[in-house]
Amino acid sequence: MKAVVMNRTGGPDALEFVERPETAPTSGQVLVEVAAAGVNFMDIGVRQGMAWTETPNPKVLGVEGAGRVLAVGDGVEHFRPGQRVAWVYTPGSYTDRAMVPADALVPIPDGIDDRTAASVMMQGLTASHFATEFYPVQPGDVALVHAAAGGVGLLLTQIIKLRGGHVIGRVSSADKIAVAREAGADHVIVDTEGRFAEEVVRLSGGEGVHVVYDGSGPKTFQGSLDSLRRSGTFCWYGPVLGGPGPLDIMSLPKSIKIGYARFFDHIHTPALLRARIGQLFDWIVKGDLKIRIGRVYPLAEAACAHADMESRATTGKLLLIP
Ligand SMILES: NC(=O)c1ccc[n+]([C@@H]2O[C@H](COP(=O)([O-])OP(=O)(O)OC[C@H]3O[C@@H](n4cnc5c(N)ncnc54)[C@H](OP(=O)(O)O)[C@@H]3O)[C@@H](O)[C@H]2O)c1
């Protein structure tokens with residue numbers, strides 16, 4: 001089998017495309033022929049040594065993908081060879097043959113192709129957590145969505161609009177405005193310096209927004225606080241791009257509620273995984289949720305996908321194709 005491994009922590013050049021011995025699935029595992037593996041910022045965090053340090057190098061990167069079942073281990077009841085499946089939060093997806101625990105798999109419905117399924121697992125489930133559970137958007141709410149043309153941002157914008165909210169998107173360059181608009185953003189601000197709050201407050205009628213979704217690093221943090229209305233909610237979610245450092249709770253303004261939203265808290269059982277992804281798949285089949293695949297790369301070019309994502313030039317989902 002072929003795989004992209006990291007041999008050490010570091011930049012994209014720490015990744016290597018290698019040949020590895022293929023193994024048979026053991027109890028509870030499913031061997032999948034990978035059609036598409038998703039690229040996430042989390043993979044960059046793992047590469048930089050911020051997560052999964054307990055797994056020794058060389059390790060295969062990637063946490064999601066879609067493909068076809070090749071073989072199942074003992075005790076696997078709900079999957080059979082030939083079936084199309086997708087998975088999330090399972091290490092080792094940058095490969096042409098992934099070994100996935102059956103509990104992390106979902107069947108892909110007929111109306112959804114493999115690349116679309118791979119694109120919606122991590123970022124779609126994350127966006128659905130943010131807008132339906134962490135802060136359940138109500139009709140008429142105004143939300144500030146950072147990185148609004150990115151993988152999470154485009155899906156979050158659409159889910160907020162489906163729930164009747166308004167979206168002010170923030171992007172880093174003017175060429176992303178049309179992309180964020182196409183997903184439904186009502187206004188789009190271009191900023192990389194953390195100077196967006198005044199415009200956000202103006203666009204929200206002088207009161208500020210009901211909710212901020214911010215995974216964009218330390219530079220946006222203060223502006224996001226300043227963009228909120230009284231009793232607004234700050235959904236912080238960007239461990240890889242970094243946070244504001246230690247916070248004095250008494251310095252927080254306007255009775256706001258602030259928290260670190262994690263995909264994993266939304267999807268902590270196989271039943272929840274099936275329910276949440278079922279809703280996303282339904283929206284896609286009905287045409288309510290559009291998946292924008294920004295770029296696909298051959299699996300061997302995973303390092304290039306990482307460099308592109310870090311350059312802030314990408315939009316939508318990045319996929320690796322074995
Ligand atoms: N908490 C969770 O459960 C969870 C789950 C998934 C992802 N995340 C976090 O969400 C963030 C986005 O990850 P993703 O995988 O979903 O990718 P993504 O949404 O496609 O993110 C790419 C976007 O990030 C922005 N960006 C890239 N480099 C940046 C930098 N150096 N500084 C500031 N912004 C930068 C860019 O937007 P602009 O250039 O337009 O600003 C780009 O469009 C990451 O911080 C990741 O850790 C958290």
# chains A, B, ... in the order shown; residues from 1 in each chain; ligands from 1

$ residues_near_ligand --ligand "ligand 1" --cutoff "6 Å" --atoms "only C-alpha atoms and all ligand atoms" --output "mmCIF file with N, CA and C atoms, in the first residue's frame"
data_model
loop_
_atom_site.group_PDB
_atom_site.id
_atom_site.type_symbol
_atom_site.label_atom_id
_atom_site.label_comp_id
_atom_site.auth_asym_id
_atom_site.auth_seq_id
_atom_site.Cartn_x
_atom_site.Cartn_y
_atom_site.Cartn_z
ATOM 1 N N ASN A 40 -7.148 18.503 6.462
ATOM 2 C CA ASN A 40 -7.664 19.406 7.495
ATOM 3 C C ASN A 40 -6.515 20.135 8.169
ATOM 4 N N PHE A 41 -6.833 21.297 8.735
ATOM 5 C CA PHE A 41 -5.811 22.037 9.472
ATOM 6 C C PHE A 41 -5.254 21.198 10.605
ATOM 7 N N MET A 42 -6.101 20.327 11.135
ATOM 8 C CA MET A 42 -5.644 19.444 12.205
ATOM 9 C C MET A 42 -4.415 18.633 11.769
ATOM 10 N N GLN A 123 -15.193 18.769 8.412
ATOM 11 C CA GLN A 123 -15.595 20.180 8.401
ATOM 12 C C GLN A 123 -17.122 20.323 8.472
ATOM 13 N N THR A 126 -18.197 19.529 12.032
ATOM 14 C CA THR A 126 -17.765 20.655 12.869
ATOM 15 C C THR A 126 -18.745 21.818 12.718
ATOM 16 N N ALA A 147 -12.785 33.246 8.280
ATOM 17 C CA ALA A 147 -12.317 32.347 7.202
ATOM 18 C C ALA A 147 -13.522 31.819 6.427
ATOM 19 N N ALA A 149 -14.495 31.687 3.468
ATOM 20 C CA ALA A 149 -14.376 30.963 2.197
ATOM 21 C C ALA A 149 -13.619 29.645 2.375
ATOM 22 N N GLY A 150 -13.266 29.310 3.624
ATOM 23 C CA GLY A 150 -12.544 28.062 3.911
ATOM 24 C C GLY A 150 -13.500 26.886 4.013
ATOM 25 N N GLY A 151 -12.933 25.726 4.322
ATOM 26 C CA GLY A 151 -13.744 24.513 4.376
ATOM 27 C C GLY A 151 -14.845 24.602 5.425
ATOM 28 N N VAL A 152 -14.497 24.952 6.668
ATOM 29 C CA VAL A 152 -15.515 25.092 7.720
ATOM 30 C C VAL A 152 -16.403 26.297 7.414
ATOM 31 N N GLY A 153 -15.798 27.400 7.020
ATOM 32 C CA GLY A 153 -16.542 28.658 6.840
ATOM 33 C C GLY A 153 -17.666 28.559 5.821
ATOM 34 N N VAL A 171 -12.828 37.368 5.416
ATOM 35 C CA VAL A 171 -11.851 36.609 4.634
ATOM 36 C C VAL A 171 -10.565 37.433 4.536
ATOM 37 N N SER A 172 -9.474 36.785 4.071
ATOM 38 C CA SER A 172 -8.191 37.490 4.061
ATOM 39 C C SER A 172 -7.870 38.175 2.744
ATOM 40 N N GLY A 215 -11.963 30.569 14.464
ATOM 41 C CA GLY A 215 -10.874 29.588 14.578
ATOM 42 C C GLY A 215 -9.634 30.115 13.896
ATOM 43 N N SER A 216 -9.488 31.443 13.872
ATOM 44 C CA SER A 216 -8.496 32.083 13.002
ATOM 45 C C SER A 216 -7.244 32.590 13.705
ATOM 46 N N GLY A 217 -7.021 32.170 14.938
ATOM 47 C CA GLY A 217 -5.757 32.535 15.572
ATOM 48 C C GLY A 217 -5.829 33.779 16.430
ATOM 49 N N TYR A 237 -12.655 28.046 18.182
ATOM 50 C CA TYR A 237 -12.456 26.651 17.771
ATOM 51 C C TYR A 237 -11.116 26.355 17.115
ATOM 52 N N GLY A 238 -10.148 27.252 17.185
ATOM 53 C CA GLY A 238 -8.951 27.029 16.380
ATOM 54 C C GLY A 238 -7.692 26.648 17.117
ATOM 55 N N PRO A 239 -7.562 25.410 17.582
ATOM 56 C CA PRO A 239 -6.359 25.072 18.344
ATOM 57 C C PRO A 239 -5.072 25.184 17.522
ATOM 58 N N VAL A 240 -5.139 24.896 16.226
ATOM 59 C CA VAL A 240 -3.892 24.867 15.448
ATOM 60 C C VAL A 240 -3.394 26.283 15.157
ATOM 61 N N LEU A 241 -4.321 27.184 14.841
ATOM 62 C CA LEU A 241 -3.893 28.564 14.555
ATOM 63 C C LEU A 241 -3.662 29.358 15.838
ATOM 64 N N ALA A 261 -15.321 25.122 21.241
ATOM 65 C CA ALA A 261 -16.195 24.124 20.633
ATOM 66 C C ALA A 261 -15.348 23.062 19.954
ATOM 67 N N ARG A 262 -15.602 21.794 20.303
ATOM 68 C CA ARG A 262 -14.836 20.713 19.693
ATOM 69 C C ARG A 262 -15.778 19.752 18.994
ATOM 70 N N PHE A 263 -15.468 19.478 17.757
ATOM 71 C CA PHE A 263 -16.207 18.497 16.969
ATOM 72 C C PHE A 263 -16.457 17.223 17.784
ATOM 73 N N MET A 309 -2.640 25.197 1.976
ATOM 74 C CA MET A 309 -3.589 25.533 3.040
ATOM 75 C C MET A 309 -2.984 26.579 3.986
ATOM 76 N N GLU A 310 -1.716 26.429 4.294
ATOM 77 C CA GLU A 310 -1.067 27.385 5.198
ATOM 78 C C GLU A 310 -0.847 28.748 4.537
ATOM 79 N N SER A 311 -0.856 28.777 3.207
ATOM 80 C CA SER A 311 -0.597 30.041 2.498
ATOM 81 C C SER A 311 -1.818 30.974 2.501
ATOM 82 N N ARG A 312 -2.960 30.499 2.917
ATOM 83 C CA ARG A 312 -4.244 31.228 2.960
ATOM 84 C C ARG A 312 -4.805 31.473 1.563
ATOM 85 N N THR A 314 -6.209 29.079 -0.361
ATOM 86 C CA THR A 314 -7.194 28.079 -0.783
ATOM 87 C C THR A 314 -8.611 28.494 -0.386
ATOM 88 N N THR A 315 -9.576 27.897 -1.086
ATOM 89 C CA THR A 315 -10.983 28.021 -0.688
ATOM 90 C C THR A 315 -11.572 26.614 -0.654
ATOM 91 N N GLY A 316 -12.622 26.436 0.158
ATOM 92 C CA GLY A 316 -13.331 25.159 0.191
ATOM 93 C C GLY A 316 -12.452 24.014 0.667
#

$ residues_around --residues "A:Gly245" --least-positions-apart "2" --cutoff "12 Å" --atoms "only C-alpha atoms" --output "mmCIF file with N, CA, C and O atoms, in the first residue's frame"
data_model
loop_
_atom_site.group_PDB
_atom_site.id
_atom_site.type_symbol
_atom_site.label_atom_id
_atom_site.label_comp_id
_atom_site.auth_asym_id
_atom_site.auth_seq_id
_atom_site.Cartn_x
_atom_site.Cartn_y
_atom_site.Cartn_z
ATOM 1 N N GLY A 217 -7.021 32.170 14.938
ATOM 2 C CA GLY A 217 -5.757 32.535 15.572
ATOM 3 C C GLY A 217 -5.829 33.779 16.430
ATOM 4 O O GLY A 217 -6.869 34.435 16.516
ATOM 5 N N PRO A 218 -4.699 34.140 17.061
ATOM 6 C CA PRO A 218 -4.697 35.222 18.059
ATOM 7 C C PRO A 218 -5.072 36.599 17.498
ATOM 8 O O PRO A 218 -5.637 37.413 18.211
ATOM 9 N N LYS A 219 -4.789 36.834 16.212
ATOM 10 C CA LYS A 219 -5.002 38.182 15.664
ATOM 11 C C LYS A 219 -6.459 38.611 15.630
ATOM 12 O O LYS A 219 -6.780 39.791 15.660
ATOM 13 N N PHE A 221 -8.833 37.591 17.837
ATOM 14 C CA PHE A 221 -9.551 37.360 19.095
ATOM 15 C C PHE A 221 -10.193 38.635 19.664
ATOM 16 O O PHE A 221 -11.391 38.664 19.962
ATOM 17 N N GLN A 222 -9.412 39.687 19.802
ATOM 18 C CA GLN A 222 -9.956 40.911 20.397
ATOM 19 C C GLN A 222 -11.069 41.499 19.517
ATOM 20 O O GLN A 222 -12.115 41.924 20.008
ATOM 21 N N PRO A 239 -7.562 25.410 17.582
ATOM 22 C CA PRO A 239 -6.359 25.072 18.344
ATOM 23 C C PRO A 239 -5.072 25.184 17.522
ATOM 24 O O PRO A 239 -4.033 25.542 18.060
ATOM 25 N N GLY A 242 -4.044 28.800 16.964
ATOM 26 C CA GLY A 242 -3.688 29.407 18.255
ATOM 27 C C GLY A 242 -4.771 30.300 18.834
ATOM 28 O O GLY A 242 -5.659 30.768 18.126
ATOM 29 N N GLY A 243 -4.646 30.540 20.153
ATOM 30 C CA GLY A 243 -5.637 31.344 20.866
ATOM 31 C C GLY A 243 -5.024 32.568 21.500
ATOM 32 O O GLY A 243 -3.890 32.937 21.188
ATOM 33 N N LEU A 247 -6.670 33.760 29.875
ATOM 34 C CA LEU A 247 -7.719 34.784 29.876
ATOM 35 C C LEU A 247 -8.127 35.097 31.309
ATOM 36 O O LEU A 247 -8.337 34.179 32.108
ATOM 37 N N ASP A 248 -8.242 36.374 31.635
ATOM 38 C CA ASP A 248 -8.806 36.776 32.914
ATOM 39 C C ASP A 248 -10.321 36.853 32.727
ATOM 40 O O ASP A 248 -10.814 37.706 31.980
#

$ residues_around --residues "A:Val145" --least-positions-apart "2" --cutoff "6 Å" --atoms "only C-alpha atoms" --output "MDAnalysis selection string"
chainID A and resid 148 169 213

$ residues_around --residues "stretch 277-285 of chain A" --least-positions-apart "2" --cutoff "9 Å" --atoms "only C-alpha atoms" --output "ChimeraX atom specification"
/A:106,108-109,111-112,116-117,120-121,124-125,128,272-275,287-291

$ residues_around --residues "A:Trp236" --least-positions-apart "4" --cutoff "6 Å" --atoms "only C-alpha atoms" --output "PyMOL selection string"
chain A and resi 214-215+259-260

$ residues_around --residues "A:Thr233" --least-positions-apart "3" --cutoff "8 Å" --atoms "only C-alpha atoms" --output "ChimeraX atom specification"
/A:135,210-212,228,256-258

$ residues_around --residues "A:Asp43" --least-positions-apart "6" --cutoff "9 Å" --atoms "only C-alpha atoms" --output "list in words"
Ala51, Leu61, Gly62, Val63 and His306 of chain A

$ write_last_selection --atoms "N, CA, C and O atoms" --output "short mmCIF file (atom, residue, chain, number, x, y, z; two decimals), in the first residue's frame"
data_model
loop_
_atom_site.label_atom_id
_atom_site.label_comp_id
_atom_site.auth_asym_id
_atom_site.auth_seq_id
_atom_site.Cartn_x
_atom_site.Cartn_y
_atom_site.Cartn_z
N ALA A 51 -0.37 17.62 18.21
CA ALA A 51 -1.36 16.59 18.57
C ALA A 51 -0.84 15.23 18.18
O ALA A 51 0.07 15.11 17.35
N LEU A 61 -0.57 10.38 8.17
CA LEU A 61 -1.43 11.53 8.52
C LEU A 61 -2.86 11.33 8.02
O LEU A 61 -3.15 10.39 7.30
N GLY A 62 -3.73 12.29 8.36
CA GLY A 62 -5.08 12.31 7.82
C GLY A 62 -6.10 11.68 8.74
O GLY A 62 -5.82 10.67 9.39
N VAL A 63 -7.30 12.31 8.82
CA VAL A 63 -8.31 11.83 9.76
C VAL A 63 -9.65 11.50 9.11
O VAL A 63 -10.59 11.13 9.80
N HIS A 306 -0.61 20.83 2.01
CA HIS A 306 -0.35 21.49 3.30
C HIS A 306 0.17 22.91 3.09
O HIS A 306 -0.28 23.86 3.74
#

$ closest_residue --among "A:Leu144, A:Val190, A:Ile321, A:Ala174" --to "A:Phe234" --atoms "only C-alpha atoms"
A:Leu144

$ select_by_dssp --residues "stretch 78-301 of chain A" --states "strand (DSSP E or B)" --output "ChimeraX atom specification"
/A:84-88,95,97-101,105-107,142-146,150,166-171,187-190,209-214,228-236,257-260,293-298

$ closest_residue --among "A:Asp265, A:Asp141, A:Asp191, A:Asp113" --to "A:Gly232" --atoms "only C-alpha atoms"
A:Asp141

$ closest_residue --among "A:Ala104, A:Leu31, A:Ala14, A:Val5" --to "A:Pro58" --atoms "only C-alpha atoms"
A:Val5

$ closest_residue --among "A:Leu155, A:Leu203, A:Leu162, A:Val85" --to "A:Val142" --atoms "only C-alpha atoms"
A:Leu203

$ select_by_dssp --residues "stretch 164-286 of chain A" --states "helix (DSSP H, G or I)" --output "ChimeraX atom specification"
/A:174-182,197-203,218-227,249-251,263-266,270-286

$ closest_residue --among "A:Ile159, A:Lys254, A:Cys304, A:Arg276" --to "A:Ala185" --atoms "only C-alpha atoms"
A:Ile159

$ closest_residue --among "A:Ala66, A:Val137, A:Leu15, A:Val72" --to "A:Arg47" --atoms "only C-alpha atoms"
A:Leu15

$ atom_distance --atom1 "atom CA of A:Phe79" --atom2 "atom CA of A:Gly38"
21.6 Å
